[in-house]
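Source file: structure-v8.pdb. Holds: PDB, C-alpha atoms and all ligand atoms.
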```pdb
ATOM      1  CA  LEU F   1      96.380 197.570 237.903
ATOM      2  CA  ARG F   2      97.542 195.032 240.508
ATOM      3  CA  GLU F   3     101.008 195.016 238.930
ATOM      4  CA  HIS F   4     101.186 198.738 238.722
ATOM      5  CA  GLU F   5     100.289 199.009 242.402
ATOM      6  CA  GLU F   6     102.729 196.314 243.461
ATOM      7  CA  PHE F   7     105.685 198.049 241.860
ATOM      8  CA  THR F   8     104.956 201.631 242.702
ATOM      9  CA  LYS F   9     103.645 201.618 246.237
ATOM     10  CA  VAL F  10     105.471 204.857 246.982
ATOM     11  CA  LYS F  11     103.140 207.640 247.860
ATOM     12  CA  ASN F  12     103.327 210.271 245.153
ATOM     13  CA  ILE F  13     100.604 212.785 245.991
ATOM     14  CA  ALA F  14     101.486 214.249 249.399
ATOM     15  CA  THR F  15      98.640 216.746 249.782
ATOM     16  CA  ILE F  16      95.335 217.583 248.184
ATOM     17  CA  GLU F  17      93.222 220.668 248.195
ATOM     18  CA  LEU F  18      89.499 220.002 248.558
ATOM     19  CA  GLY F  19      87.043 222.794 249.247
ATOM     20  CA  ARG F  20      88.400 224.855 252.087
ATOM     21  CA  TYR F  21      90.778 222.141 253.271
ATOM     22  CA  GLU F  22      94.326 221.214 252.503
ATOM     23  CA  ILE F  23      94.672 217.565 253.455
ATOM     24  CA  GLU F  24      97.773 215.423 253.870
ATOM     25  CA  THR F  25      97.374 212.049 252.196
ATOM     26  CA  TRP F  26      98.028 208.671 253.856
ATOM     27  CA  TYR F  27      98.625 206.124 251.096
ATOM     28  CA  PHE F  28      99.449 205.585 247.474
ATOM     29  CA  SER F  29      96.660 205.993 244.952
ATOM     30  CA  PRO F  30      97.107 204.977 241.301
ATOM     31  CA  PHE F  31      96.252 208.238 239.554
ATOM     32  CA  PRO F  32      96.768 208.206 235.781
ATOM     33  CA  PRO F  33     100.475 208.392 234.762
ATOM     34  CA  GLU F  34     100.333 212.063 233.764
ATOM     35  CA  TYR F  35      99.958 212.900 237.475
ATOM     36  CA  ASN F  36     103.045 210.940 238.517
ATOM     37  CA  ASP F  37     105.181 214.044 238.944
ATOM     38  CA  CYS F  38     102.654 215.827 241.180
ATOM     39  CA  VAL F  39     103.043 216.248 244.915
ATOM     40  CA  LYS F  40      99.817 218.205 245.254
ATOM     41  CA  LEU F  41      96.482 217.858 243.510
ATOM     42  CA  TYR F  42      93.590 220.306 243.394
ATOM     43  CA  PHE F  43      90.114 218.800 243.560
ATOM     44  CA  CYS F  44      86.815 220.398 242.672
ATOM     45  CA  GLU F  45      84.892 219.607 245.835
ATOM     46  CA  PHE F  46      81.644 219.034 243.918
ATOM     47  CA  CYS F  47      82.445 217.006 240.772
ATOM     48  CA  LEU F  48      85.749 215.700 242.231
ATOM     49  CA  ASN F  49      87.697 216.408 239.056
ATOM     50  CA  PHE F  50      91.339 216.893 239.937
ATOM     51  CA  MET F  51      93.927 219.227 238.500
ATOM     52  CA  LYS F  52      97.656 219.851 238.710
ATOM     53  CA  ARG F  53      97.543 223.575 239.266
ATOM     54  CA  LYS F  54      95.618 226.031 241.404
ATOM     55  CA  GLU F  55      94.864 228.280 238.404
ATOM     56  CA  GLN F  56      93.266 225.347 236.591
ATOM     57  CA  LEU F  57      91.016 224.735 239.586
ATOM     58  CA  GLN F  58      90.079 228.418 239.795
ATOM     59  CA  ARG F  59      89.115 228.426 236.132
ATOM     60  CA  HIS F  60      87.189 225.184 236.626
ATOM     61  CA  MET F  61      85.236 226.579 239.598
ATOM     62  CA  LYS F  62      83.946 229.412 237.420
ATOM     63  CA  LYS F  63      82.305 227.015 235.001
ATOM     64  CA  CYS F  64      81.480 223.964 237.145
ATOM     65  CA  ASP F  65      77.801 224.174 237.918
ATOM     66  CA  LEU F  66      77.555 221.358 240.459
ATOM     67  CA  LYS F  67      76.915 222.396 244.055
ATOM     68  CA  HIS F  68      76.393 218.881 245.417
ATOM     69  CA  PRO F  69      77.280 215.332 244.369
ATOM     70  CA  PRO F  70      75.449 214.139 241.253
ATOM     71  CA  GLY F  71      72.579 211.726 241.901
ATOM     72  CA  ASP F  72      69.627 211.656 244.267
ATOM     73  CA  GLU F  73      69.409 213.256 247.670
ATOM     74  CA  ILE F  74      67.934 210.384 249.693
ATOM     75  CA  TYR F  75      68.301 211.825 253.203
ATOM     76  CA  ARG F  76      68.205 215.288 254.727
ATOM     77  CA  SER F  77      68.224 216.185 258.391
ATOM     78  CA  GLY F  78      69.265 219.678 259.416
ATOM     79  CA  THR F  79      72.423 220.538 257.476
ATOM     80  CA  LEU F  80      73.267 216.899 256.819
ATOM     81  CA  SER F  81      72.389 215.347 253.449
ATOM     82  CA  MET F  82      73.106 211.994 251.858
ATOM     83  CA  PHE F  83      73.323 211.573 248.092
ATOM     84  CA  GLU F  84      73.107 208.268 246.256
ATOM     85  CA  VAL F  85      75.318 208.187 243.170
ATOM     86  CA  ASP F  86      75.001 205.347 240.670
ATOM     87  CA  GLY F  87      78.460 204.492 239.332
ATOM     88  CA  LYS F  88      76.977 203.514 236.006
ATOM     89  CA  LYS F  89      75.213 206.831 235.487
ATOM     90  CA  ASN F  90      78.095 208.903 236.894
ATOM     91  CA  LYS F  91      81.213 207.018 235.889
ATOM     92  CA  ILE F  92      83.704 209.870 236.056
ATOM     93  CA  TYR F  93      82.455 211.002 239.445
ATOM     94  CA  GLY F  94      82.665 207.417 240.737
ATOM     95  CA  GLN F  95      86.224 207.030 239.444
ATOM     96  CA  ASN F  96      87.293 210.382 240.878
ATOM     97  CA  LEU F  97      85.847 209.422 244.245
ATOM     98  CA  CYS F  98      87.766 206.117 244.177
ATOM     99  CA  TYR F  99      91.067 207.854 243.358
ATOM    100  CA  LEU F 100      90.453 210.291 246.188
ATOM    101  CA  ALA F 101      89.418 207.608 248.672
ATOM    102  CA  LYS F 102      92.398 205.380 247.907
ATOM    103  CA  LEU F 103      94.657 208.149 249.284
ATOM    104  CA  PHE F 104      93.279 207.220 252.732
ATOM    105  CA  LEU F 105      92.586 203.523 252.299
ATOM    106  CA  ASP F 106      95.307 200.901 252.530
ATOM    107  CA  HIS F 107      94.945 197.282 251.307
ATOM    108  CA  LYS F 108      91.963 198.062 249.112
ATOM    109  CA  THR F 109      92.253 197.574 245.389
ATOM    110  CA  LEU F 110      90.875 200.323 243.286
ATOM    111  CA  TYR F 111      87.767 199.439 241.368
ATOM    112  CA  TYR F 112      87.587 200.697 237.845
ATOM    113  CA  ASP F 113      84.309 198.852 237.602
ATOM    114  CA  VAL F 114      82.395 201.666 239.239
ATOM    115  CA  ASP F 115      79.332 200.519 237.239
ATOM    116  CA  LEU F 116      78.704 197.812 239.798
ATOM    117  CA  PHE F 117      78.583 200.175 242.762
ATOM    118  CA  LEU F 118      76.407 202.759 244.407
ATOM    119  CA  PHE F 119      78.133 205.554 246.302
ATOM    120  CA  TYR F 120      76.556 207.131 249.349
ATOM    121  CA  VAL F 121      78.081 210.562 249.791
ATOM    122  CA  LEU F 122      77.474 212.388 253.058
ATOM    123  CA  CYS F 123      77.533 216.199 252.970
ATOM    124  CA  GLU F 124      77.348 219.160 255.304
ATOM    125  CA  CYS F 125      75.347 221.796 253.446
ATOM    126  CA  ASP F 126      75.443 225.593 253.656
ATOM    127  CA  ASP F 127      74.718 228.497 251.303
ATOM    128  CA  ARG F 128      77.846 227.711 249.253
ATOM    129  CA  GLY F 129      76.791 224.135 248.559
ATOM    130  CA  CYS F 130      76.970 220.601 249.891
ATOM    131  CA  HIS F 131      80.453 219.752 251.142
ATOM    132  CA  MET F 132      81.461 216.107 251.227
ATOM    133  CA  VAL F 133      82.476 214.836 254.668
ATOM    134  CA  GLY F 134      82.719 211.162 253.758
ATOM    135  CA  TYR F 135      81.132 208.315 251.870
ATOM    136  CA  PHE F 136      80.649 204.609 251.604
ATOM    137  CA  SER F 137      80.330 202.418 248.541
ATOM    138  CA  LYS F 138      78.055 199.434 248.144
ATOM    139  CA  GLU F 139      77.856 196.727 245.513
ATOM    140  CA  LYS F 140      74.540 196.715 243.681
ATOM    141  CA  HIS F 141      74.450 192.936 244.087
ATOM    142  CA  SER F 142      76.575 191.148 246.631
ATOM    143  CA  GLU F 143      76.841 187.373 246.818
ATOM    144  CA  GLU F 144      78.545 187.616 250.194
ATOM    145  CA  SER F 145      75.853 189.835 251.748
ATOM    146  CA  TYR F 146      78.226 192.799 251.913
ATOM    147  CA  ASN F 147      76.319 195.993 252.618
ATOM    148  CA  LEU F 148      79.391 198.205 252.443
ATOM    149  CA  ALA F 149      82.555 197.954 250.339
ATOM    150  CA  CYS F 150      84.640 200.988 251.349
ATOM    151  CA  ILE F 151      84.045 203.664 253.950
ATOM    152  CA  LEU F 152      85.875 206.949 254.434
ATOM    153  CA  THR F 153      85.512 210.047 256.549
ATOM    154  CA  LEU F 154      87.766 212.771 255.166
ATOM    155  CA  PRO F 155      90.501 213.518 257.740
ATOM    156  CA  PRO F 156      89.286 217.051 258.688
ATOM    157  CA  TYR F 157      85.931 215.520 259.668
ATOM    158  CA  GLN F 158      87.172 212.422 261.493
ATOM    159  CA  ARG F 159      86.361 211.578 265.130
ATOM    160  CA  LYS F 160      83.152 213.568 265.126
ATOM    161  CA  GLY F 161      80.769 210.643 264.745
ATOM    162  CA  TYR F 162      80.369 210.708 260.942
ATOM    163  CA  GLY F 163      81.930 207.251 260.567
ATOM    164  CA  LYS F 164      79.378 205.694 262.875
ATOM    165  CA  PHE F 165      76.651 207.633 261.075
ATOM    166  CA  LEU F 166      77.769 206.140 257.738
ATOM    167  CA  ILE F 167      77.873 202.657 259.260
ATOM    168  CA  ALA F 168      74.421 203.113 260.805
ATOM    169  CA  PHE F 169      73.148 204.351 257.448
ATOM    170  CA  SER F 170      74.440 201.230 255.681
ATOM    171  CA  TYR F 171      72.452 199.073 258.113
ATOM    172  CA  GLU F 172      69.316 201.185 257.658
ATOM    173  CA  LEU F 173      69.539 200.458 253.916
ATOM    174  CA  SER F 174      69.899 196.740 254.685
ATOM    175  CA  LYS F 175      66.827 196.878 256.923
ATOM    176  CA  LYS F 176      64.847 198.421 254.069
ATOM    177  CA  GLU F 177      66.066 195.617 251.808
ATOM    178  CA  GLY F 178      65.031 193.057 254.409
ATOM    179  CA  LYS F 179      68.554 191.592 254.407
ATOM    180  CA  VAL F 180      71.391 191.231 256.847
ATOM    181  CA  GLY F 181      74.660 192.856 255.889
ATOM    182  CA  THR F 182      78.326 192.962 256.762
ATOM    183  CA  PRO F 183      81.248 195.120 255.641
ATOM    184  CA  GLU F 184      83.636 193.792 253.028
ATOM    185  CA  ARG F 185      86.836 192.384 254.523
ATOM    186  CA  PRO F 186      89.585 193.150 255.337
ATOM    187  CA  LEU F 187      88.785 196.017 257.660
ATOM    188  CA  SER F 188      91.444 198.585 258.467
ATOM    189  CA  ASP F 189      92.333 199.202 262.128
ATOM    190  CA  LEU F 190      90.201 202.335 262.172
ATOM    191  CA  GLY F 191      87.436 200.530 260.302
ATOM    192  CA  LEU F 192      87.410 197.700 262.847
ATOM    193  CA  LEU F 193      87.383 200.142 265.769
ATOM    194  CA  SER F 194      84.431 201.989 264.262
ATOM    195  CA  TYR F 195      82.463 198.807 263.507
ATOM    196  CA  ARG F 196      83.224 197.312 266.926
ATOM    197  CA  GLY F 197      81.990 200.576 268.462
ATOM    198  CA  TYR F 198      78.817 200.611 266.391
ATOM    199  CA  TRP F 199      77.956 196.924 266.937
ATOM    200  CA  THR F 200      78.642 197.219 270.656
ATOM    201  CA  ARG F 201      76.457 200.271 271.118
ATOM    202  CA  VAL F 202      73.524 198.890 269.091
ATOM    203  CA  LEU F 203      73.556 195.477 270.783
ATOM    204  CA  LEU F 204      73.990 196.826 274.312
ATOM    205  CA  ASP F 205      71.082 199.253 273.808
ATOM    206  CA  ILE F 206      68.781 196.409 272.789
ATOM    207  CA  LEU F 207      69.912 194.030 275.535
ATOM    208  CA  LYS F 208      69.480 196.786 278.086
ATOM    209  CA  LYS F 209      65.849 197.401 277.065
ATOM    210  CA  HIS F 210      64.863 193.830 276.352
ATOM    211  CA  LYS F 211      63.116 191.724 278.987
ATOM    212  CA  GLY F 212      63.721 187.988 279.004
ATOM    213  CA  ASN F 213      65.766 185.812 276.689
ATOM    214  CA  ILE F 214      66.814 186.875 273.235
ATOM    215  CA  SER F 215      68.643 184.920 270.558
ATOM    216  CA  ILE F 216      71.373 185.981 268.151
ATOM    217  CA  LYS F 217      68.933 185.369 265.306
ATOM    218  CA  GLU F 218      66.412 187.775 266.844
ATOM    219  CA  LEU F 219      69.120 190.400 267.345
ATOM    220  CA  SER F 220      70.160 189.935 263.732
ATOM    221  CA  ASP F 221      66.577 190.362 262.484
ATOM    222  CA  MET F 222      66.199 193.579 264.497
ATOM    223  CA  THR F 223      69.484 195.186 263.487
ATOM    224  CA  ALA F 224      70.387 193.725 260.056
ATOM    225  CA  ILE F 225      73.784 192.907 261.589
ATOM    226  CA  LYS F 226      75.043 189.520 260.416
ATOM    227  CA  ALA F 227      74.890 186.782 263.085
ATOM    228  CA  GLU F 228      78.686 186.182 263.023
ATOM    229  CA  ASP F 229      79.353 189.856 263.750
ATOM    230  CA  ILE F 230      76.893 189.753 266.642
ATOM    231  CA  LEU F 231      78.542 186.648 268.038
ATOM    232  CA  THR F 232      82.095 188.049 267.893
ATOM    233  CA  THR F 233      80.958 191.345 269.417
ATOM    234  CA  LEU F 234      79.107 189.690 272.293
ATOM    235  CA  GLN F 235      82.009 187.283 272.819
ATOM    236  CA  SER F 236      84.442 190.170 273.115
ATOM    237  CA  LEU F 237      82.097 191.694 275.714
ATOM    238  CA  GLU F 238      82.020 188.345 277.530
ATOM    239  CA  LEU F 239      78.259 188.144 277.219
ATOM    240  CA  ILE F 240      78.243 184.696 275.604
ATOM    241  CA  GLN F 241      78.302 181.330 277.308
ATOM    242  CA  TYR F 242      78.524 178.001 275.592
ATOM    243  CA  ARG F 243      75.928 175.616 277.014
ATOM    244  CA  LYS F 244      74.983 172.179 275.690
ATOM    245  CA  GLY F 245      76.558 172.907 272.337
ATOM    246  CA  GLN F 246      74.862 176.272 271.950
ATOM    247  CA  HIS F 247      75.838 179.904 272.294
ATOM    248  CA  VAL F 248      73.668 181.587 274.899
ATOM    249  CA  ILE F 249      73.525 185.287 275.613
ATOM    250  CA  CYS F 250      73.986 186.053 279.306
ATOM    251  CA  ALA F 251      73.066 189.682 279.716
ATOM    252  CA  ASP F 252      73.705 190.424 283.376
ATOM    253  CA  PRO F 253      72.391 194.009 283.942
ATOM    254  CA  LYS F 254      75.488 194.999 285.933
ATOM    255  CA  VAL F 255      77.799 193.827 283.151
ATOM    256  CA  LEU F 256      75.661 195.671 280.581
ATOM    257  CA  ASP F 257      75.868 198.912 282.536
ATOM    258  CA  ARG F 258      79.613 198.619 282.872
ATOM    259  CA  HIS F 259      79.994 198.102 279.103
ATOM    260  CA  LEU F 260      77.541 200.892 278.277
ATOM    261  CA  LYS F 261      79.544 203.351 280.362
ATOM    262  CA  ALA F 262      82.720 202.329 278.554
ATOM    263  CA  ALA F 263      81.082 202.431 275.108
ATOM    264  CA  GLY F 264      81.286 206.223 274.945
ATOM    265  CA  ARG F 265      79.199 208.566 272.851
ATOM    266  CA  GLY F 266      76.433 207.256 270.642
ATOM    267  CA  GLY F 267      77.376 209.592 267.804
ATOM    268  CA  LEU F 268      75.145 211.159 265.182
ATOM    269  CA  GLU F 269      71.818 209.355 264.863
ATOM    270  CA  VAL F 270      70.248 208.398 261.562
ATOM    271  CA  ASP F 271      66.659 209.672 261.585
ATOM    272  CA  VAL F 272      64.987 206.918 259.553
ATOM    273  CA  SER F 273      61.875 209.013 258.998
ATOM    274  CA  LYS F 274      64.063 211.263 256.815
ATOM    275  CA  LEU F 275      65.363 208.485 254.604
ATOM    276  CA  ILE F 276      63.518 208.317 251.300
ATOM    277  CA  TRP F 277      64.832 205.316 249.462
ATOM    278  CA  THR F 278      63.875 202.130 247.671
ATOM    279  CA  PRO F 279      66.331 199.258 247.148
ATOM    280  CA  TYR F 280      68.217 198.987 243.846
ATOM    281  CA  LYS F 281      66.586 196.619 241.379
TER     282      LYS F 281
HETATM  283  N1  LIG N   1      91.949 206.637 267.263
HETATM  284  C1  LIG N   1      91.266 205.811 268.084
HETATM  285  N2  LIG N   1      89.979 205.444 267.855
HETATM  286  C2  LIG N   1      89.384 205.913 266.761
HETATM  287  C3  LIG N   1      90.038 206.770 265.853
HETATM  288  C4  LIG N   1      91.387 207.131 266.152
HETATM  289  N3  LIG N   1      92.078 207.942 265.344
HETATM  290  N4  LIG N   1      89.196 207.069 264.870
HETATM  291  C5  LIG N   1      88.047 206.422 265.132
HETATM  292  N5  LIG N   1      88.164 205.710 266.276
HETATM  293  C6  LIG N   1      87.168 204.829 266.873
HETATM  294  C7  LIG N   1      86.559 205.358 268.110
HETATM  295  O1  LIG N   1      86.157 204.262 268.890
HETATM  296  C8  LIG N   1      85.377 206.104 267.574
HETATM  297  O2  LIG N   1      84.336 206.215 268.495
HETATM  298  P1  LIG N   1      84.403 207.317 269.679
HETATM  299  O3  LIG N   1      84.833 208.620 269.065
HETATM  300  O4  LIG N   1      82.988 207.325 270.183
HETATM  301  O5  LIG N   1      85.391 206.789 270.652
HETATM  302  C9  LIG N   1      84.923 205.221 266.450
HETATM  303  O6  LIG N   1      86.109 204.668 265.928
HETATM  304  C10 LIG N   1      84.155 205.901 265.333
HETATM  305  O7  LIG N   1      84.419 207.251 265.296
HETATM  306  P2  LIG N   1      83.681 208.191 264.245
HETATM  307  O8  LIG N   1      83.985 209.609 264.598
HETATM  308  O9  LIG N   1      82.262 207.788 264.140
HETATM  309  O10 LIG N   1      84.408 207.740 262.906
HETATM  310  P3  LIG N   1      85.188 208.641 261.848
HETATM  311  O11 LIG N   1      84.284 209.654 261.247
HETATM  312  O12 LIG N   1      86.464 209.097 262.378
HETATM  313  O13 LIG N   1      85.409 207.541 260.698
HETATM  314  C11 LIG N   1      86.625 205.842 259.616
HETATM  315  C12 LIG N   1      85.922 206.267 260.916
HETATM  316  C13 LIG N   1      85.646 205.897 258.453
HETATM  317  C14 LIG N   1      87.114 204.400 259.751
HETATM  318  C15 LIG N   1      87.814 206.814 259.390
HETATM  319  O14 LIG N   1      88.771 206.617 260.392
HETATM  320  C16 LIG N   1      88.473 206.701 258.046
HETATM  321  O15 LIG N   1      87.970 207.184 257.049
HETATM  322  N6  LIG N   1      89.670 206.047 257.992
HETATM  323  C17 LIG N   1      90.421 205.923 256.771
HETATM  324  C18 LIG N   1      89.782 204.930 255.812
HETATM  325  C19 LIG N   1      89.496 203.592 256.460
HETATM  326  O16 LIG N   1      90.344 203.000 257.125
HETATM  327  N7  LIG N   1      88.268 203.072 256.234
HETATM  328  C20 LIG N   1      87.827 201.773 256.703
HETATM  329  C21 LIG N   1      88.425 200.728 255.814
HETATM  330  S1  LIG N   1      87.602 199.172 255.971
HETATM  331  C22 LIG N   1      86.333 199.223 254.798
HETATM  332  O17 LIG N   1      86.288 200.156 254.041
HETATM  333  C23 LIG N   1      85.354 198.098 254.763
HETATM  334 ZN    ZN N   2      83.625 220.686 239.369
END
```
Show the structure stored in the file as structure tokens.
Ligand code: ACO
Ligand code: ZN
Amino acid sequence: LREHEEFTKVKNIATIELGRYEIETWYFSPFPPEYNDCVKLYFCEFCLNFMKRKEQLQRHMKKCDLKHPPGDEIYRSGTLSMFEVDGKKNKIYGQNLCYLAKLFLDHKTLYYDVDLFLFYVLCECDDRGCHMVGYFSKEKHSEESYNLACILTLPPYQRKGYGKFLIAFSYELSKKEGKVGTPERPLSDLGLLSYRGYWTRVLLDILKKHKGNISIKELSDMTAIKAEDILTTLQSLELIQYRKGQHVICADPKVLDRHLKAAGRGGLEVDVSKLIWTPYK
């Protein structure tokens, strides 16, 4: 796969049709060779099977009986639902999702080993079904304490707060596991912006409310954010001083307020009381 990608980094698929959207793609994705001559692909928005022609999709839609991603609905709040898909139980779906996602993800190698991953697929639901807005993947077991491998908000849904919702959700899962987590590196520019935004908002909110001293370790325990990520975030906000060989948080209320004003919208909140989930064993 590496070789194939290295030699054919030209983008072949220029647009995709997915549900009611026609979406322009961003990057190369290594679809099977029989799709090499295609400039447009037609996706079933529910099972994510892809086809070369519109008529094929129309025929497919008549017989496809999925109205939401396969797997368990683990969260529902209003019209927003999250489904957990096990790559081992739903291999084809997992592969289709990876092909689709790669169209918008640079410098990420495609995993054919979808067995090892869980996919968290976020949907907006209406009477026609549950429409995917984005997803993140997560290794079932990570040595490096990664709590997220890849994250994507589909372009028509970007900049509405779904990215931060997905990030927040990944940390809620880590809290339930009693572990700290961090996203797999490298992060894309947009990925870094979104994470920086999330970390900043979460940490500032706590520091604002908290009375007295607080350590990075305590912040990490409260948020499931890895200590290194807390340190770099607070350093970039100039809230860290180095005293007697130790990093100390200096949360001057005026500085906090200035940062909070600049931090912008909080985004869509994860309502933890609506998350019904137990960690993967
Ligand atoms: N320009 C400037 N800032 C942006 C942009 C943009 N186009 N998009 C997001 N941001 C920043 C903003 O700070 C924004 O917060 P704000 O709107 O309050 O200012 C913040 O990121 C998050 O915005 P959301 O609306 O919550 O995020 P969105 O739903 O757009 O999703 C995501 C962010 C997932 C990174 C999306 O841009 C995407 O799917 N990109 C393509 C795939 C990708 O790069 N994924 C990350 C790869 S790294 C990894 O997978 C570990
Ligand atoms: Zn289908």
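Using all atoms listed in the file, we find that the residues with an atom at most 6 Å from any atom of ligand LIG 1 (chain N) are Phe104, Leu105, Ala149, Cys150, Ile151, Leu152, Thr153, Leu154, Gln158, Arg159, Lys160, Gly161, Tyr162, Gly163, Lys164, Pro183, Glu184, Arg185, Leu187, Ser188, Leu190, Gly191, Leu193, Ser194, Gly197, Gly264 and Arg265 of chain F.
Atom to atom, atom CA of Lys261 of chain F and atom CA of Lys208 of chain F stand 12.2 Å apart.
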Shell of 10 Å around ligand ZN 2 (chain N) (only C-alpha atoms and all ligand atoms), written as number ranges by chain: F: 43-50, 57, 60-69, 93
Output of the PyMOL selection byres (((chain F and resi 205-207) around 12) and not hetatm), listed as JSON, numbers by chain: {"F": [198, 199, 200, 201, 202, 203, 204, 208, 209, 210, 211, 212, 213, 214, 215, 216, 218, 219, 220, 222, 223, 234, 239, 249, 250, 251, 252, 253, 254, 255, 256, 257, 259, 260, 261, 263, 266]}
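For Ile13 of chain F, the list of residues within 10 Å, based on all atoms listed in the file and with local chain neighbours fewer than 6 positions off taken out, reads Glu24, Thr25, Trp26, Tyr27, Phe28, Ser29, Pro30, Phe31, Tyr35, Asn36, Asp37, Cys38, Val39, Lys40, Leu41 and Leu103 of chain F.
Distances here use only C-alpha atoms; by that measure, the residue among F:Pro32, F:Pro155, F:Gly129, F:Gly19 closest to Leu80 of chain F is F:Gly129.
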Within 10 Å of His141 of chain F using only C-alpha atoms, minus same-chain residues under 5 positions, as a list in words: Leu116, Phe117, Tyr146, Asn147, Tyr280 and Lys281 of chain F
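We find atom CA of Ser81 of chain F and atom CA of Cys123 of chain F to be spaced 5.2 Å apart.
Picture a line from atom CA of Leu97 of chain F to atom CA of Phe119 of chain F; it runs 8.9 Å.
For the set F:Asp113, F:Asp106, F:Asp126, F:Asp72, the residue with the smallest atom-to-atom gap to Lys11 of chain F is F:Asp106, counting all atoms listed in the file.
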Top pick for closest residue to Tyr75 of chain F, considering F:Tyr120, F:Pro186, F:Gly267, F:Ser145 and counting only C-alpha atoms: F:Tyr120
Since the input is missing atoms, can you rebuild N, CA and C atoms for segment 91-105 of chain F and write them as a compact mmCIF listing (two decimals), in the coordinates of the input?
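result-v3.txt written:
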```
# COMPACT_ATOMS: atom_id res chain seq x y z
N LYS F 91 79.96 207.77 235.91
CA LYS F 91 81.21 207.02 235.89
C LYS F 91 82.41 207.84 236.33
N ILE F 92 82.53 209.04 235.76
CA ILE F 92 83.70 209.87 236.06
C ILE F 92 83.71 210.27 237.53
N TYR F 93 82.54 210.66 238.03
CA TYR F 93 82.46 211.00 239.44
C TYR F 93 82.87 209.80 240.30
N GLY F 94 82.35 208.63 239.98
CA GLY F 94 82.66 207.42 240.74
C GLY F 94 84.16 207.12 240.72
N GLN F 95 84.78 207.27 239.55
CA GLN F 95 86.22 207.03 239.44
C GLN F 95 87.01 208.06 240.25
N ASN F 96 86.61 209.32 240.12
CA ASN F 96 87.29 210.38 240.88
C ASN F 96 87.21 210.12 242.38
N LEU F 97 86.04 209.71 242.82
CA LEU F 97 85.85 209.42 244.24
C LEU F 97 86.76 208.27 244.69
N CYS F 98 86.89 207.24 243.84
CA CYS F 98 87.77 206.12 244.18
C CYS F 98 89.23 206.53 244.25
N TYR F 99 89.68 207.34 243.30
CA TYR F 99 91.07 207.85 243.36
C TYR F 99 91.30 208.62 244.65
N LEU F 100 90.35 209.47 244.97
CA LEU F 100 90.45 210.29 246.19
C LEU F 100 90.48 209.40 247.43
N ALA F 101 89.54 208.46 247.48
CA ALA F 101 89.42 207.61 248.67
C ALA F 101 90.66 206.75 248.89
N LYS F 102 91.23 206.27 247.78
CA LYS F 102 92.40 205.38 247.91
C LYS F 102 93.56 206.07 248.63
N LEU F 103 93.61 207.40 248.57
CA LEU F 103 94.66 208.15 249.28
C LEU F 103 94.60 207.93 250.80
N PHE F 104 93.46 207.41 251.29
CA PHE F 104 93.28 207.22 252.73
C PHE F 104 92.95 205.77 253.09
N LEU F 105 92.91 204.93 252.08
CA LEU F 105 92.59 203.52 252.30
C LEU F 105 93.76 202.65 251.90
```
